[in-house]
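Have a look at query-v4.csv; it's CSV, C-alpha atoms and all ligand atoms:
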```csv
chain,number,residue,atom,x,y,z
A,1,MET,CA,-29.1,-3.5,17.0
A,2,ASN,CA,-30.0,0.0,15.7
A,3,THR,CA,-31.3,1.1,12.3
A,4,ALA,CA,-29.4,4.2,11.6
A,5,VAL,CA,-28.3,4.6,8.0
A,6,LEU,CA,-24.6,4.6,7.1
A,7,ALA,CA,-22.9,6.2,4.2
A,8,ASP,CA,-20.8,3.1,4.0
A,9,TYR,CA,-20.9,-0.7,3.3
A,10,ARG,CA,-18.9,-1.5,6.3
A,11,SER,CA,-20.4,-2.1,9.7
A,12,TYR,CA,-19.0,-0.4,12.8
A,13,PRO,CA,-19.1,-2.3,16.0
A,14,LEU,CA,-20.4,-0.6,19.1
A,15,ILE,CA,-17.3,0.0,21.1
A,16,SER,CA,-19.1,1.9,23.8
A,17,PRO,CA,-22.6,3.3,24.0
A,18,LEU,CA,-23.3,7.0,24.2
A,19,ALA,CA,-23.8,8.0,27.9
A,20,SER,CA,-24.6,11.7,27.8
A,21,LEU,CA,-24.5,14.8,25.6
A,22,GLN,CA,-23.7,18.4,26.2
A,23,LEU,CA,-25.0,20.9,23.6
A,24,LEU,CA,-22.6,23.8,23.2
A,25,PRO,CA,-22.9,26.8,20.9
A,26,ASP,CA,-20.6,25.4,18.2
A,27,GLN,CA,-20.4,21.7,19.0
A,28,VAL,CA,-21.9,18.6,20.7
A,29,GLN,CA,-19.8,17.1,23.4
A,30,VAL,CA,-20.4,13.4,23.5
A,31,HIS,CA,-19.6,11.4,26.6
A,32,TRP,CA,-19.2,7.7,26.1
A,33,ALA,CA,-20.0,5.0,28.6
A,34,ASP,CA,-16.3,4.1,28.8
A,35,GLY,CA,-15.4,7.6,29.9
A,36,ARG,CA,-14.1,9.0,26.7
A,37,ALA,CA,-15.3,12.5,25.7
A,38,SER,CA,-15.4,13.5,22.0
A,39,PRO,CA,-16.2,16.9,20.5
A,40,PHE,CA,-18.2,17.0,17.3
A,41,HIS,CA,-18.6,20.5,15.7
A,42,HIS,CA,-22.0,21.3,14.4
A,43,GLN,CA,-20.6,21.9,11.0
A,44,TRP,CA,-19.0,18.4,11.0
A,45,LEU,CA,-22.2,16.7,12.2
A,46,ARG,CA,-24.3,18.5,9.6
A,47,ASP,CA,-21.7,17.7,6.9
A,48,ASN,CA,-21.9,14.0,7.8
A,49,CYS,CA,-25.6,13.6,8.1
A,50,PRO,CA,-26.4,10.2,6.6
A,51,CYS,CA,-30.1,10.9,5.9
A,52,PRO,CA,-31.5,10.0,2.5
A,53,HIS,CA,-31.6,13.8,1.6
A,54,CYS,CA,-27.9,14.1,2.3
A,55,VAL,CA,-26.6,10.7,1.1
A,56,TYR,CA,-28.0,8.9,-2.0
A,57,SER,CA,-29.0,5.5,-0.6
A,58,VAL,CA,-28.2,3.6,-3.8
A,59,THR,CA,-24.5,4.7,-4.0
A,60,ARG,CA,-24.1,5.6,-0.3
A,61,GLU,CA,-22.3,8.7,-1.5
A,62,GLN,CA,-22.9,12.2,-0.3
A,63,VAL,CA,-25.1,14.6,-2.3
A,64,LEU,CA,-25.0,17.4,0.2
A,65,GLU,CA,-22.3,20.0,-0.1
A,66,ILE,CA,-21.6,21.7,3.2
A,67,ILE,CA,-21.5,25.1,1.5
A,68,ASP,CA,-25.3,24.8,0.9
A,69,VAL,CA,-26.1,25.1,4.6
A,70,PRO,CA,-25.3,28.3,6.5
A,71,ASP,CA,-21.9,28.1,8.2
A,72,ASP,CA,-23.5,29.3,11.5
A,73,LEU,CA,-26.3,26.7,11.3
A,74,GLY,CA,-27.4,26.0,14.9
A,75,CYS,CA,-28.3,22.8,16.5
A,76,ALA,CA,-31.6,23.2,18.2
A,77,ALA,CA,-31.7,20.0,20.2
A,78,ALA,CA,-29.6,16.9,20.8
A,79,HIS,CA,-30.6,13.6,22.5
A,80,ILE,CA,-29.8,9.9,22.6
A,81,ASP,CA,-32.7,8.1,21.1
A,82,GLU,CA,-34.2,4.7,22.2
A,83,GLN,CA,-31.8,2.9,19.9
A,84,GLY,CA,-28.8,4.5,21.3
A,85,CYS,CA,-28.2,6.8,18.3
A,86,LEU,CA,-27.3,10.5,18.5
A,87,ALA,CA,-30.4,12.4,17.3
A,88,LEU,CA,-30.1,16.1,16.3
A,89,SER,CA,-32.5,18.7,15.1
A,90,TRP,CA,-31.2,21.7,13.3
A,91,THR,CA,-32.5,25.3,13.5
A,92,ASP,CA,-33.6,25.0,9.8
A,93,GLY,CA,-35.7,22.0,10.6
A,94,HIS,CA,-33.4,19.3,9.2
A,95,ARG,CA,-32.9,16.2,11.4
A,96,SER,CA,-29.8,13.9,11.6
A,97,ARG,CA,-29.2,10.6,13.3
A,98,PHE,CA,-25.9,9.0,13.9
A,99,ASP,CA,-25.0,5.4,14.6
A,100,PRO,CA,-22.8,5.3,17.8
A,101,GLY,CA,-20.4,2.7,16.3
A,102,TRP,CA,-19.9,4.9,13.2
A,103,LEU,CA,-19.6,8.0,15.4
A,104,ARG,CA,-17.0,6.5,17.6
A,105,ALA,CA,-15.0,5.2,14.6
A,106,HIS,CA,-14.8,8.8,13.3
A,107,ALA,CA,-14.4,10.7,16.6
A,108,TYR,CA,-11.6,13.2,16.4
A,109,ASP,CA,-10.7,13.7,20.1
A,110,ARG,CA,-7.0,13.2,20.5
A,111,GLN,CA,-7.1,9.7,21.9
A,112,SER,CA,-9.4,8.4,19.2
A,113,ARG,CA,-7.2,9.9,16.5
A,114,GLU,CA,-4.1,8.4,18.1
A,115,GLU,CA,-5.8,5.0,18.2
A,116,ARG,CA,-6.7,5.2,14.5
A,117,GLN,CA,-3.2,6.3,13.6
A,118,ALA,CA,-1.7,3.3,15.5
A,119,ALA,CA,-4.2,0.9,13.8
A,120,ARG,CA,-3.1,2.2,10.4
A,121,VAL,CA,0.5,1.1,10.8
A,122,GLN,CA,0.3,-2.7,10.7
A,123,ARG,CA,3.5,-3.3,8.9
A,124,GLN,CA,6.1,-5.6,10.2
A,125,LEU,CA,9.7,-4.8,9.2
A,126,TRP,CA,11.9,-7.8,8.5
A,127,ASP,CA,15.5,-8.8,7.8
A,128,ALA,CA,17.4,-11.9,6.9
A,129,SER,CA,15.7,-13.8,9.8
A,130,LEU,CA,12.3,-13.5,8.1
A,131,GLN,CA,10.0,-16.5,8.5
A,132,LEU,CA,8.9,-16.4,4.9
A,133,PRO,CA,5.0,-16.3,4.7
A,134,ALA,CA,4.1,-19.2,2.4
A,135,PHE,CA,0.7,-20.2,1.0
A,136,GLU,CA,-0.8,-23.1,-0.9
A,137,TYR,CA,-2.1,-22.2,-4.4
A,138,GLN,CA,-5.2,-24.3,-4.3
A,139,ALA,CA,-6.3,-23.0,-0.9
A,140,LEU,CA,-5.9,-19.4,-2.2
A,141,MET,CA,-8.0,-20.3,-5.2
A,142,ASP,CA,-10.8,-22.1,-3.3
A,143,ASP,CA,-11.0,-20.4,0.1
A,144,SER,CA,-11.6,-16.7,0.7
A,145,GLN,CA,-10.3,-16.9,4.3
A,146,ALA,CA,-7.0,-18.3,3.0
A,147,LEU,CA,-7.0,-15.6,0.4
A,148,LEU,CA,-7.5,-12.9,3.1
A,149,GLN,CA,-4.5,-14.2,5.1
A,150,TRP,CA,-2.3,-14.0,2.0
A,151,LEU,CA,-3.4,-10.5,1.3
A,152,LEU,CA,-2.8,-9.4,4.9
A,153,ALA,CA,0.7,-10.8,4.7
A,154,LEU,CA,1.3,-8.9,1.4
A,155,ARG,CA,0.1,-5.7,3.1
A,156,ASP,CA,2.0,-6.1,6.4
A,157,THR,CA,5.1,-8.1,5.5
A,158,GLY,CA,5.3,-7.3,1.7
A,159,LEU,CA,6.9,-10.6,0.7
A,160,THR,CA,5.1,-14.0,0.2
A,161,GLN,CA,5.7,-17.2,-1.6
A,162,VAL,CA,2.9,-19.4,-3.1
A,163,ARG,CA,3.5,-23.1,-3.7
A,164,GLY,CA,1.7,-25.8,-5.7
A,165,ALA,CA,0.8,-23.6,-8.6
A,166,PRO,CA,0.5,-24.9,-12.2
A,167,THR,CA,3.4,-24.6,-14.5
A,168,GLU,CA,1.5,-23.8,-17.7
A,169,PRO,CA,2.4,-20.5,-19.3
A,170,GLY,CA,-0.3,-18.0,-18.6
A,171,SER,CA,-1.6,-19.7,-15.5
A,172,LEU,CA,-0.3,-16.8,-13.4
A,173,ALA,CA,-3.3,-14.7,-14.5
A,174,GLN,CA,-5.7,-16.9,-12.6
A,175,ILE,CA,-4.2,-16.4,-9.2
A,176,ALA,CA,-3.5,-12.7,-9.8
A,177,ARG,CA,-7.2,-12.2,-10.7
A,178,ARG,CA,-8.2,-13.7,-7.4
A,179,ILE,CA,-7.0,-10.3,-6.1
A,180,ALA,CA,-8.0,-8.0,-8.9
A,181,PHE,CA,-7.4,-7.1,-12.5
A,182,ILE,CA,-3.8,-7.0,-13.7
A,183,ARG,CA,-2.0,-3.8,-14.5
A,184,GLU,CA,-0.7,-4.0,-18.1
A,185,SER,CA,2.6,-2.3,-19.1
A,186,ASN,CA,4.6,-2.0,-22.3
A,187,PHE,CA,6.1,-5.5,-21.3
A,188,GLY,CA,2.6,-7.0,-21.6
A,189,VAL,CA,-0.2,-8.2,-19.3
A,190,LEU,CA,2.1,-11.0,-18.3
A,191,PHE,CA,5.8,-10.5,-19.0
A,192,ASN,CA,8.2,-13.3,-19.8
A,193,VAL,CA,11.5,-13.2,-17.9
A,194,GLN,CA,13.8,-15.2,-20.1
A,195,SER,CA,17.3,-14.6,-21.4
A,196,LYS,CA,16.9,-13.5,-25.0
A,197,ALA,CA,19.2,-12.0,-27.7
A,198,ASP,CA,17.1,-8.9,-28.4
A,199,ALA,CA,16.5,-8.0,-24.8
A,200,ASP,CA,14.7,-4.7,-24.2
A,201,SER,CA,15.7,-4.8,-20.5
A,202,ASN,CA,18.6,-6.2,-18.5
A,203,ALA,CA,15.9,-8.4,-16.8
A,204,TYR,CA,15.7,-10.4,-20.1
A,205,THR,CA,19.4,-11.4,-20.0
A,206,ALA,CA,21.3,-13.8,-17.8
A,207,PHE,CA,23.0,-11.0,-15.9
A,208,ASN,CA,22.6,-10.6,-12.2
A,209,LEU,CA,20.0,-7.9,-11.4
A,210,PRO,CA,20.9,-5.8,-8.4
A,211,LEU,CA,18.2,-5.0,-5.8
A,212,HIS,CA,15.5,-3.0,-7.4
A,213,SER,CA,11.8,-2.1,-7.8
A,214,ASP,CA,10.1,-2.6,-11.1
A,215,LEU,CA,8.9,0.3,-13.3
A,216,PRO,CA,10.5,3.1,-11.1
A,217,THR,CA,10.2,4.9,-14.5
A,218,ARG,CA,6.5,5.4,-13.9
A,219,GLU,CA,4.8,8.1,-11.8
A,220,LEU,CA,3.0,5.2,-10.0
A,221,GLN,CA,5.2,2.2,-9.5
A,222,PRO,CA,3.1,-1.1,-9.6
A,223,GLY,CA,2.1,-2.1,-6.1
A,224,LEU,CA,2.2,-5.9,-6.3
A,225,GLN,CA,4.6,-7.9,-8.4
A,226,PHE,CA,4.3,-11.6,-9.2
A,227,LEU,CA,7.1,-13.7,-10.4
A,228,HIS,CA,6.0,-17.2,-11.3
A,229,CYS,CA,8.5,-20.0,-12.0
A,230,LEU,CA,7.7,-22.2,-15.0
A,231,VAL,CA,11.1,-23.7,-15.7
A,232,ASN,CA,14.3,-23.4,-13.6
A,233,ASP,CA,17.0,-25.8,-14.8
A,234,ALA,CA,19.7,-23.2,-15.1
A,235,VAL,CA,22.6,-23.0,-12.6
A,236,GLY,CA,22.3,-19.8,-10.6
A,237,GLY,CA,19.4,-17.3,-10.8
A,238,GLU,CA,18.5,-17.3,-7.1
A,239,SER,CA,16.0,-14.7,-5.9
A,240,ILE,CA,17.1,-12.1,-3.3
A,241,PHE,CA,14.8,-9.8,-1.3
A,242,VAL,CA,15.3,-7.0,1.2
A,243,ASP,CA,12.7,-5.0,3.1
A,244,GLY,CA,13.3,-1.5,1.6
A,245,PHE,CA,11.4,0.0,4.5
A,246,ALA,CA,13.6,-1.7,7.1
A,247,ILE,CA,16.7,-0.4,5.3
A,248,ALA,CA,15.3,3.1,5.0
A,249,GLU,CA,14.4,3.1,8.8
A,250,SER,CA,17.9,1.9,9.6
A,251,LEU,CA,19.3,4.6,7.4
A,252,ARG,CA,17.1,7.2,9.1
A,253,ARG,CA,18.6,6.1,12.5
A,254,GLU,CA,22.2,5.6,11.4
A,255,ASP,CA,22.7,8.5,9.0
A,256,PRO,CA,19.8,11.0,9.1
A,257,GLU,CA,21.6,13.3,6.6
A,258,ALA,CA,21.8,10.6,4.0
A,259,PHE,CA,18.2,9.6,4.7
A,260,ARG,CA,17.0,13.2,4.2
A,261,ALA,CA,19.0,13.5,0.9
A,262,LEU,CA,17.2,10.3,-0.5
A,263,CYS,CA,13.8,11.7,0.6
A,264,GLU,CA,14.4,15.1,-0.9
A,265,ILE,CA,16.7,15.0,-4.0
A,266,PRO,CA,14.9,13.6,-7.0
A,267,VAL,CA,16.6,11.1,-9.3
A,268,GLU,CA,15.5,10.3,-12.8
A,269,PHE,CA,14.7,6.7,-13.9
A,270,ARG,CA,14.5,5.9,-17.5
A,271,ASN,CA,13.2,2.9,-19.5
A,272,LYS,CA,13.6,3.2,-23.2
A,273,ASP,CA,13.6,1.0,-26.2
A,274,ARG,CA,12.9,1.4,-29.9
A,275,HIS,CA,9.1,2.1,-29.3
A,276,SER,CA,8.8,3.7,-25.9
A,277,ASP,CA,10.5,6.1,-23.6
A,278,TYR,CA,9.4,6.3,-20.0
A,279,ARG,CA,11.0,8.7,-17.6
A,280,CYS,CA,10.2,9.6,-14.0
A,281,LEU,CA,11.9,12.1,-11.8
A,282,ALA,CA,11.4,11.3,-8.1
A,283,PRO,CA,13.2,10.8,-4.8
A,284,ILE,CA,14.4,7.3,-3.9
A,285,ILE,CA,12.5,7.3,-0.6
A,286,ALA,CA,8.9,8.7,-0.5
A,287,LEU,CA,7.3,9.6,2.8
A,288,ASP,CA,3.5,9.9,3.2
A,289,ALA,CA,1.7,12.9,4.7
A,290,LEU,CA,2.3,11.5,8.2
A,291,GLY,CA,6.1,11.2,7.7
A,292,GLN,CA,5.9,7.4,7.4
A,293,ILE,CA,8.1,5.7,4.7
A,294,ALA,CA,5.6,4.9,1.9
A,295,GLU,CA,7.7,3.8,-1.0
A,296,ILE,CA,11.2,3.0,-2.3
A,297,ARG,CA,12.1,3.7,-5.9
A,298,MET,CA,15.3,2.1,-7.0
A,299,ALA,CA,16.8,0.4,-10.0
A,300,ASN,CA,20.4,1.2,-10.7
A,301,PHE,CA,20.2,-0.2,-14.3
A,302,LEU,CA,17.3,2.3,-15.0
A,303,ARG,CA,18.9,5.3,-13.5
A,304,GLY,CA,19.8,8.5,-15.4
A,305,PRO,CA,22.8,10.7,-14.5
A,306,PHE,CA,22.3,12.5,-11.2
A,307,ASP,CA,21.2,16.1,-11.8
A,308,THR,CA,21.4,18.2,-8.7
A,309,SER,CA,23.3,21.3,-7.5
A,310,GLU,CA,27.1,21.4,-7.2
A,311,GLN,CA,26.7,21.6,-3.4
A,312,GLN,CA,24.4,18.6,-3.2
A,313,MET,CA,26.1,16.2,-5.6
A,314,PRO,CA,28.7,14.8,-3.1
A,315,LEU,CA,25.9,14.3,-0.6
A,316,LEU,CA,23.7,12.5,-3.1
A,317,TYR,CA,26.5,10.2,-4.0
A,318,ARG,CA,27.3,9.5,-0.4
A,319,ALA,CA,23.7,8.8,0.4
A,320,TYR,CA,23.2,6.6,-2.7
A,321,ARG,CA,26.3,4.6,-2.0
A,322,ARG,CA,25.2,4.1,1.6
A,323,PHE,CA,21.8,2.9,0.6
A,324,ILE,CA,23.0,0.5,-2.0
A,325,GLY,CA,25.7,-0.7,0.5
A,326,MET,CA,23.0,-1.5,2.9
A,327,THR,CA,21.0,-3.5,0.3
A,328,ARG,CA,24.2,-5.7,0.0
A,329,GLU,CA,24.5,-6.4,3.7
A,330,ALA,CA,23.7,-10.0,4.6
A,331,ARG,CA,21.7,-8.9,7.7
A,332,PHE,CA,18.9,-7.6,5.5
A,333,ARG,CA,18.9,-10.2,2.7
A,334,VAL,CA,16.6,-13.2,2.2
A,335,ILE,CA,17.9,-15.5,-0.6
A,336,ARG,CA,15.9,-18.4,-2.0
A,337,ARG,CA,15.8,-20.3,-5.2
A,338,LEU,CA,12.3,-20.6,-6.8
A,339,ASP,CA,11.2,-24.0,-8.2
A,340,PRO,CA,8.7,-24.6,-11.0
A,341,GLY,CA,5.2,-24.2,-9.6
A,342,GLN,CA,6.2,-21.6,-7.0
A,343,LEU,CA,5.8,-17.9,-7.2
A,344,TRP,CA,6.8,-14.8,-5.4
A,345,CYS,CA,4.3,-12.1,-4.8
A,346,PHE,CA,5.6,-9.0,-3.1
A,347,ASP,CA,5.0,-5.3,-2.5
A,348,ASN,CA,7.0,-3.8,-5.3
A,349,ARG,CA,7.0,-0.3,-3.7
A,350,ARG,CA,8.5,-1.7,-0.5
A,351,THR,CA,10.4,-5.0,-1.0
A,352,LEU,CA,13.3,-4.7,-3.4
A,353,HIS,CA,14.1,-7.8,-5.4
A,354,ALA,CA,17.2,-9.1,-7.2
A,355,ARG,CA,18.4,-12.1,-9.1
A,356,ASN,CA,21.8,-13.8,-9.2
A,357,ALA,CA,23.3,-14.3,-12.6
A,358,PHE,CA,22.5,-17.6,-14.1
A,359,ASP,CA,24.2,-19.8,-16.8
A,360,PRO,CA,21.8,-20.2,-19.7
A,361,ALA,CA,24.1,-22.9,-21.2
A,362,SER,CA,23.3,-25.1,-18.1
A,363,GLY,CA,19.5,-25.2,-18.7
A,364,ALA,CA,16.4,-23.3,-19.4
A,365,ARG,CA,14.9,-20.7,-17.1
A,366,HIS,CA,11.5,-19.2,-17.6
A,367,PHE,CA,9.5,-17.0,-15.2
A,368,GLN,CA,6.4,-15.0,-15.9
A,369,GLY,CA,5.4,-11.9,-14.1
A,370,CYS,CA,2.6,-9.4,-13.7
A,371,TYR,CA,1.5,-6.4,-11.6
A,372,ILE,CA,-1.5,-5.3,-9.6
A,373,ASP,CA,-1.8,-1.9,-8.0
A,374,ARG,CA,-1.7,-1.5,-4.2
A,375,ASP,CA,-5.1,0.1,-4.1
A,376,GLU,CA,-6.6,-3.1,-5.5
A,377,LEU,CA,-5.0,-5.1,-2.7
A,378,LEU,CA,-6.2,-2.8,0.0
A,379,SER,CA,-9.7,-2.7,-1.5
A,380,ARG,CA,-9.9,-6.4,-1.7
A,381,ILE,CA,-8.9,-6.8,1.9
A,382,LEU,CA,-11.6,-4.4,3.1
A,383,VAL,CA,-14.3,-6.2,1.0
A,384,LEU,CA,-13.2,-9.6,2.3
A,385,GLN,CA,-13.3,-8.2,5.9
A,386,ARG,CA,-16.9,-6.9,5.6
A,401,LIG,C1,12.5,-8.7,-13.4
A,401,LIG,C2,13.2,-9.4,-12.4
A,401,LIG,C3,13.9,-11.6,-11.5
A,401,LIG,C4,14.3,-12.9,-11.9
A,401,LIG,O1,12.2,-9.3,-14.4
A,401,LIG,O2,12.3,-7.5,-13.2
A,401,LIG,O3,13.5,-8.9,-11.4
A,401,LIG,O4,14.4,-13.8,-11.0
A,401,LIG,N1,13.4,-10.7,-12.5
A,401,LIG,O5,14.5,-13.1,-13.1
A,402,ZN,ZN,-29.5,14.9,6.2
A,403,ZN,ZN,12.4,-6.9,-11.4
```

In structure tokens, what does this structure look like?
Amino acid sequence: MNTAVLADYRSYPLISPLASLQLLPDQVQVHWADGRASPFHHQWLRDNCPCPHCVYSVTREQVLEIIDVPDDLGCAAAHIDEQGCLALSWTDGHRSRFDPGWLRAHAYDRQSREERQAARVQRQLWDASLQLPAFEYQALMDDSQALLQWLLALRDTGLTQVRGAPTEPGSLAQIARRIAFIRESNFGVLFNVQSKADADSNAYTAFNLPLHSDLPTRELQPGLQFLHCLVNDAVGGESIFVDGFAIAESLRREDPEAFRALCEIPVEFRNKDRHSDYRCLAPIIALDALGQIAEIRMANFLRGPFDTSEQQMPLLYRAYRRFIGMTREARFRVIRRLDPGQLWCFDNRRTLHARNAFDPASGARHFQGCYIDRDELLSRILVLQR
């Protein structure tokens, strides 16, 4: 156990102790007991000094700005102290001390960076054969370990079902708030999915809804979507899901040109009624800075006319038809009917959802829904894991 300060609330397990150091003119070469070698540039080490002058201990946030130390600041001495920490003294007299667990977790030699990259991608792509991750409502409300398992399934699989929930209108808010605060929209904190005469969305009719994400009309689509079944006496109305990331990956393999078109050509999505008018121009597939598929934006019923060059228009139609065609393929589709007291919770920026048409004359159907952003899910997971 060592006593070095951390600019963090997490703890960093000791993967391997520090074995030896080599002080070079511009960096400290660290050799770990397990054989790995990691360079740490002087500037990087000075920048990340966790001492109480450089990091405010109450917030654990940095107060030092690297520009306030000379860019050629030298390291006068480096040693491994009796607690196994990296101890440095700088030519201006400042001293820094680094926890070896923290240092290893932030090492930027090639192997360490590759390991971190691999650990970041936990997602499991799925298709029609998915073993649906299902959770019991009461366990999620009472037990933080059960809660964590649910959140990990949301992060990695992106589709879950919760069973045994109450059927009182409004009760959805309680389980949603087990994760975080709810993201309100013009449809309310909770929205009611019911067929109604003055519908302000096709969702509030008895039509079938093709596979879509909700609120593609916003710069940031909601991360998590809940759909809670209160009443389901109508014939039809089954829920359908596909893993948008799995479809996009298949498209990338099977038709790279179409994939690229959907990543690059922006499409406008529109959501308008008498009081609001939301529009967002963005590509259907978004990649993150590492080239990983990060988001699918899709709702045919909210799409504006394509607006791209004469040369690209045929390509965009070809790619769009191909993508929608894939969402209709049985190999990708999970189809289930939701009963009262059950709810779906899924990654709205990954898992596309749809509903079969239902017959409102055959019985009532009432779902309630709400949204939570992905950031809240990820933060909650990290806090539960502390
Ligand atoms: C929606 C929606 C699904 C359903 O309201 O956006 O997708 O089963 N509803 O009614
Ligand atoms: Zn310091
Ligand atoms: Zn929807």

For Arg318 (chain A): contacts at 12 Å, only C-alpha atoms, fewer than 6 positions along chain excluded, given as a PyMOL selection string: chain A and resi 255+257-262+312+324-325

With C-alpha atoms retained, write the just-selected residues as a PDB file, in the frame of the given file.
```pdb
ATOM      1  CA  ASP A 255      22.700   8.500   9.000  1.00  0.00           C
ATOM      2  CA  GLU A 257      21.600  13.300   6.600  1.00  0.00           C
ATOM      3  CA  ALA A 258      21.800  10.600   4.000  1.00  0.00           C
ATOM      4  CA  PHE A 259      18.200   9.600   4.700  1.00  0.00           C
ATOM      5  CA  ARG A 260      17.000  13.200   4.200  1.00  0.00           C
ATOM      6  CA  ALA A 261      19.000  13.500   0.900  1.00  0.00           C
ATOM      7  CA  LEU A 262      17.200  10.300  -0.500  1.00  0.00           C
ATOM      8  CA  GLN A 312      24.400  18.600  -3.200  1.00  0.00           C
ATOM      9  CA  ILE A 324      23.000   0.500  -2.000  1.00  0.00           C
ATOM     10  CA  GLY A 325      25.700  -0.700   0.500  1.00  0.00           C
TER      11      GLY A 325
END
```

Would you list the contacts of Leu220 (chain A) as number ranges by chain, taking every protein, DNA or RNA residue within 10 Å and counting only C-alpha atoms, but skipping same-chain residues closer than 5 positions in sequence? A: 215, 280, 349, 373

Please determine the residues with any atom at most 10 Å from (-19.3, 21.9, 14.1) (coordinates as given in the file, with only C-alpha atoms counting) and report them as a VMD selection string. chain A and resid 24 to 28 39 to 47 71 to 75

Output C-alpha atoms for every residue in that selection, as a PDB file, in the coordinates of the input.
```
ATOM      1  CA  LEU A  24     -22.600  23.800  23.200  1.00  0.00           C
ATOM      2  CA  PRO A  25     -22.900  26.800  20.900  1.00  0.00           C
ATOM      3  CA  ASP A  26     -20.600  25.400  18.200  1.00  0.00           C
ATOM      4  CA  GLN A  27     -20.400  21.700  19.000  1.00  0.00           C
ATOM      5  CA  VAL A  28     -21.900  18.600  20.700  1.00  0.00           C
ATOM      6  CA  PRO A  39     -16.200  16.900  20.500  1.00  0.00           C
ATOM      7  CA  PHE A  40     -18.200  17.000  17.300  1.00  0.00           C
ATOM      8  CA  HIS A  41     -18.600  20.500  15.700  1.00  0.00           C
ATOM      9  CA  HIS A  42     -22.000  21.300  14.400  1.00  0.00           C
ATOM     10  CA  GLN A  43     -20.600  21.900  11.000  1.00  0.00           C
ATOM     11  CA  TRP A  44     -19.000  18.400  11.000  1.00  0.00           C
ATOM     12  CA  LEU A  45     -22.200  16.700  12.200  1.00  0.00           C
ATOM     13  CA  ARG A  46     -24.300  18.500   9.600  1.00  0.00           C
ATOM     14  CA  ASP A  47     -21.700  17.700   6.900  1.00  0.00           C
ATOM     15  CA  ASP A  71     -21.900  28.100   8.200  1.00  0.00           C
ATOM     16  CA  ASP A  72     -23.500  29.300  11.500  1.00  0.00           C
ATOM     17  CA  LEU A  73     -26.300  26.700  11.300  1.00  0.00           C
ATOM     18  CA  GLY A  74     -27.400  26.000  14.900  1.00  0.00           C
ATOM     19  CA  CYS A  75     -28.300  22.800  16.500  1.00  0.00           C
TER      20      CYS A  75
END
```

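Here CA of Glu82 (chain A) stands at a distance of 11.8 Å from CA of Arg97 (chain A).
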
Identify, on the basis of only C-alpha atoms, every residue whose closest approach to Glu65 (chain A) does not exceed 9 Å; exclude the query and any residue fewer than 3 positions from it along the same chain; express the result as a ChimeraX atom specification. /A:47,54,62,68-69

Leu251 (chain A): which residues within 9 Å, counting only C-alpha atoms, same-chain residues fewer than 5 positions away excluded, as JSON, numbers by chain? {"A": [246, 256, 258, 259, 322, 323, 326]}

Given all atoms listed in the file as the counted atoms, nearest of A:Arg303, A:Arg274, A:His228, A:Arg178 to ligand LIG 401 (chain A): A:His228

Set the cut-off to 10 Å, count only C-alpha atoms and all ligand atoms, and list whatever residues fall near ligand ZN 403 (chain A) as a short mmCIF file (atom, residue, chain, number, x, y, z; two decimals) with C-alpha atoms, in the frame of the given file.
```cif
data_model
loop_
_atom_site.label_atom_id
_atom_site.label_comp_id
_atom_site.auth_asym_id
_atom_site.auth_seq_id
_atom_site.Cartn_x
_atom_site.Cartn_y
_atom_site.Cartn_z
CA VAL A 193 11.50 -13.20 -17.90
CA SER A 201 15.70 -4.80 -20.50
CA ASN A 202 18.60 -6.20 -18.50
CA ALA A 203 15.90 -8.40 -16.80
CA TYR A 204 15.70 -10.40 -20.10
CA LEU A 209 20.00 -7.90 -11.40
CA PRO A 210 20.90 -5.80 -8.40
CA LEU A 211 18.20 -5.00 -5.80
CA HIS A 212 15.50 -3.00 -7.40
CA SER A 213 11.80 -2.10 -7.80
CA ASP A 214 10.10 -2.60 -11.10
CA LEU A 215 8.90 0.30 -13.30
CA GLN A 225 4.60 -7.90 -8.40
CA PHE A 226 4.30 -11.60 -9.20
CA LEU A 227 7.10 -13.70 -10.40
CA ALA A 299 16.80 0.40 -10.00
CA ASN A 348 7.00 -3.80 -5.30
CA LEU A 352 13.30 -4.70 -3.40
CA HIS A 353 14.10 -7.80 -5.40
CA ALA A 354 17.20 -9.10 -7.20
CA ARG A 355 18.40 -12.10 -9.10
CA GLY A 369 5.40 -11.90 -14.10
#
```

Would you kindly return, as a ChimeraX atom specification, each protein, DNA or RNA residue with an atom no farther than 10 Å from any atom of Arg336 (chain A), considering all atoms listed in the file and excluding same-chain residues fewer than 6 positions away? /A:237-241,355

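Among A:Ala294, A:Leu338, A:Leu132, A:Ala7, the residue with the shortest atom-to-atom distance to ligand LIG 401 (chain A), counting all atoms listed in the file, is A:Leu338.
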
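Note that atom C4 of ligand LIG 401 (chain A) and CA of His366 (chain A) are 8.9 Å apart.
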
How would you write, as a list in words, the set of residues no farther than 7 Å from ligand ZN 402 (chain A) when counting all atoms listed in the file? Cys49, Pro50, Cys51, Pro52, His53, Cys54, His94, Arg95 and Ser96 of chain A

Return the single residue from A:Leu130, A:Leu154, A:Cys370, A:Ile15 that is closest to ligand LIG 401 (chain A), with distances computed using all atoms listed in the file. A:Cys370

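The closest residue to ligand LIG 401 (chain A), picked from A:Ser20, A:Ser362, A:Ser89, A:Ser195 and counting only C-alpha atoms and all ligand atoms, is A:Ser195.
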
Anything within 10 Å of (15.3, 9.4, -9.8): list those residues as a VMD selection string, counting all atoms listed in the file and sticking to the file's coordinates. chain A and resid 216 to 217 262 265 to 270 279 to 285 297 to 300 302 to 307

Considering only C-alpha atoms, state which residue in the set A:Tyr9, A:Tyr108, A:Phe135, A:Phe346 is at the smallest distance from Arg374 (chain A). A:Phe346
